[in-house]
Amino acid sequence: MRPLLVLCSQLFTAVAIAAVPIDLYVVCNSDGSNPVMTGTDFSSKLPTVNAYYAQVGMSFYLRTQNTIASNEWRVVEYGNDEVDELLEFVPATGGVKMIAVERVEGSPQAFADEKGIVFTPSCSADVIAHELGHVCGLDDIYIQKTFTNDANVEVTVTVNGVASSNRMPLDWGRYEDGTSQAALIEKLLMYGDVSGTECDLTAGDVYGVGISTVTNPVTGKVSYPYELKMVPVGFWLHGNRSPQSQ
Ligand SMILES: [Zn+2]
């Protein structure tokens, strides 16, 4: 039984089914040949994506298919300026911009920011759905993260123990008693590592490892440590049901 989520779904449904347009941009050769994927390839992933978003009364549809003719942008490097240039090359459309490239070097094969999503044809529907979760305003949640802190010390943060009501107050009762918090996090759509087991969207936030933004009061330097906290993955609390890429 998932009583609270059912209630939330009904609530969302009562407000309106939000159908969000996706404008797809597929990189092809500079002469217009050899697109990295077809609109049909992309559309084949949407039923799975939409099955997950039915949990919150949302769906996505492919509104337009476009090409970007550029040999240079077939392969992009994560974190490189060219990625920003690519995202800015496509003006805001009023929907979600998704740009398909052949390959991303140095990182996961999909990522999202306020300007849209860059992904490769190898991405599964689960990965596409996860990136759309970011576009809607949700964070990644992890079981364990190792990072170098402000004092240049390597720190590992890990979730331990079993799930409890204060670790997921709005969704308590959804999972079996005795489930470990780590196993539960693996079931979430916003689980940030690759081997998730399901694609649950929660109504509220969930305790786990998340990223924070900290400004050093003396130096003004901004850092992004991972810490144990209530991670903003709750769609009821944070989900934008009309996301628009900038
Ligand atoms: Zn993510």
# chains A, B, ... in the order shown; residues from 1 in each chain; ligands from 1
>>> residues_around(residues="A:Lys145", least_positions_apart="3", cutoff="7 Å", atoms="only C-alpha atoms", output="VMD selection string")
chain A and resid 142 156 to 158 226
>>> write_last_selection(atoms="C-alpha atoms", output="PDB file, in the first residue's frame")
ATOM      1  CA  TYR A 142      23.096   9.251  -2.576  1.00  0.00           C
ATOM      2  CA  THR A 156      33.296  10.022   3.213  1.00  0.00           C
ATOM      3  CA  VAL A 157      29.640  10.446   4.172  1.00  0.00           C
ATOM      4  CA  THR A 158      27.463   7.325   4.380  1.00  0.00           C
ATOM      5  CA  TYR A 226      28.108  16.361   0.712  1.00  0.00           C
TER       6      TYR A 226
END
>>> select_by_dssp(residues="stretch 37-97 of chain A", states="alpha helix (DSSP H)", output="list in words")
Gly39, Thr40, Asp41, Phe42, Ser43, Leu46, Pro47, Thr48, Val49, Asn50, Ala51, Tyr52, Tyr53, Asp81, Glu82, Val83, Asp84, Glu85, Leu86, Leu87, Glu88 and Phe89 of chain A
>>> closest_residue(among="A:Gly239, A:Gly220, A:Pro108, A:Gly39", to="ligand 1", atoms="only C-alpha atoms and all ligand atoms")
A:Pro108
>>> residues_near_ligand(ligand="ligand 1", cutoff="7 Å", atoms="only C-alpha atoms and all ligand atoms", output="list in words")
His130, Glu131, His134, Asp139, Asp140, Met190 and Gly192 of chain A
>>> write_last_selection(atoms="N, CA and C atoms", output="mmCIF file, in the first residue's frame")
data_model
loop_
_atom_site.group_PDB
_atom_site.id
_atom_site.type_symbol
_atom_site.label_atom_id
_atom_site.label_comp_id
_atom_site.auth_asym_id
_atom_site.auth_seq_id
_atom_site.Cartn_x
_atom_site.Cartn_y
_atom_site.Cartn_z
ATOM 1 N N HIS A 130 15.242 10.602 -14.753
ATOM 2 C CA HIS A 130 16.022 11.201 -13.656
ATOM 3 C C HIS A 130 16.402 12.644 -14.002
ATOM 4 N N GLU A 131 16.896 12.855 -15.217
ATOM 5 C CA GLU A 131 17.293 14.217 -15.612
ATOM 6 C C GLU A 131 16.084 15.150 -15.644
ATOM 7 N N HIS A 134 15.517 16.557 -12.317
ATOM 8 C CA HIS A 134 16.326 17.759 -12.031
ATOM 9 C C HIS A 134 15.681 18.997 -12.641
ATOM 10 N N ASP A 139 16.779 17.369 -6.345
ATOM 11 C CA ASP A 139 18.213 17.122 -6.187
ATOM 12 C C ASP A 139 18.539 15.636 -6.317
ATOM 13 N N ASP A 140 19.819 15.354 -6.457
ATOM 14 C CA ASP A 140 20.300 13.972 -6.348
ATOM 15 C C ASP A 140 20.344 13.555 -4.888
ATOM 16 N N MET A 190 15.462 9.846 -7.969
ATOM 17 C CA MET A 190 16.532 10.822 -7.846
ATOM 18 C C MET A 190 17.795 10.251 -7.217
ATOM 19 N N GLY A 192 21.279 9.195 -7.220
ATOM 20 C CA GLY A 192 22.233 9.793 -8.160
ATOM 21 C C GLY A 192 23.278 8.854 -8.714
#
>>> select_by_dssp(residues="stretch 3-77 of chain A", states="strand (DSSP E)", output="ChimeraX atom specification")
/A:18-28,58-69,75-77
>>> residues_around(residues="A:Leu237", least_positions_apart="3", cutoff="7 Å", atoms="only C-alpha atoms", output="list of chain:residue names")
A:Ala203, A:Gly204, A:Gly234
>>> write_last_selection(atoms="N, CA and C atoms", output="compact mmCIF listing (two decimals), in the first residue's frame")
# COMPACT_ATOMS: atom_id res chain seq x y z
N ALA A 203 6.64 12.08 -2.25
CA ALA A 203 5.95 13.34 -2.00
C ALA A 203 6.86 14.29 -1.23
N GLY A 204 7.54 13.74 -0.21
CA GLY A 204 8.37 14.58 0.65
C GLY A 204 9.84 14.25 0.53
N GLY A 234 11.56 15.60 -2.71
CA GLY A 234 10.11 15.47 -2.58
C GLY A 234 9.37 16.27 -3.63
>>> residues_around(residues="stretch 25-34 of chain A", least_positions_apart="4", cutoff="9 Å", atoms="only C-alpha atoms", output="compact mmCIF listing (two decimals) with N, CA and C atoms, in the first residue's frame")
# COMPACT_ATOMS: atom_id res chain seq x y z
N THR A 38 17.09 9.31 -33.80
CA THR A 38 15.87 9.76 -34.47
C THR A 38 14.81 10.12 -33.41
N GLY A 39 13.83 10.87 -33.85
CA GLY A 39 12.72 11.19 -32.95
C GLY A 39 11.99 9.93 -32.50
N THR A 64 8.48 19.06 -30.58
CA THR A 64 9.17 19.35 -31.84
C THR A 64 10.46 18.54 -31.91
N GLN A 65 10.84 18.21 -33.16
CA GLN A 65 12.12 17.54 -33.43
C GLN A 65 12.92 18.46 -34.32
N ASN A 66 14.16 18.72 -33.93
CA ASN A 66 15.00 19.66 -34.66
C ASN A 66 16.40 19.07 -34.78
N THR A 67 17.20 19.62 -35.69
CA THR A 67 18.59 19.17 -35.78
C THR A 67 19.53 20.36 -35.56
N ILE A 68 20.69 20.04 -35.07
CA ILE A 68 21.78 21.02 -34.94
C ILE A 68 22.93 20.47 -35.79
N ALA A 69 23.23 21.17 -36.90
CA ALA A 69 24.24 20.68 -37.83
C ALA A 69 25.62 21.14 -37.38
N SER A 70 26.38 20.24 -36.79
CA SER A 70 27.69 20.61 -36.27
C SER A 70 28.55 19.37 -36.04
N ASN A 71 29.64 19.26 -36.76
CA ASN A 71 30.58 18.16 -36.49
C ASN A 71 31.19 18.30 -35.09
N GLU A 72 31.43 19.57 -34.66
CA GLU A 72 32.11 19.82 -33.39
C GLU A 72 31.28 19.37 -32.19
N TRP A 73 29.98 19.53 -32.28
CA TRP A 73 29.14 19.25 -31.12
C TRP A 73 28.68 17.79 -31.04
N ARG A 74 29.13 16.95 -31.98
CA ARG A 74 28.75 15.52 -31.88
C ARG A 74 29.27 14.92 -30.57
N VAL A 90 20.53 26.97 -28.45
CA VAL A 90 19.09 26.77 -28.61
C VAL A 90 18.38 27.74 -27.66
N LYS A 97 14.12 21.78 -23.13
CA LYS A 97 15.06 21.56 -24.24
C LYS A 97 15.87 20.31 -23.94
N MET A 98 15.91 19.39 -24.89
CA MET A 98 16.76 18.21 -24.74
C MET A 98 17.64 18.09 -25.97
N ILE A 99 18.94 18.04 -25.75
CA ILE A 99 19.89 18.01 -26.86
C ILE A 99 20.61 16.66 -26.86
N ALA A 100 20.48 15.95 -27.98
CA ALA A 100 21.12 14.63 -28.11
C ALA A 100 22.45 14.79 -28.82
N VAL A 101 23.52 14.38 -28.16
CA VAL A 101 24.86 14.34 -28.76
C VAL A 101 25.28 12.88 -28.87
N GLU A 102 26.32 12.65 -29.68
CA GLU A 102 26.75 11.27 -29.87
C GLU A 102 27.40 10.71 -28.60
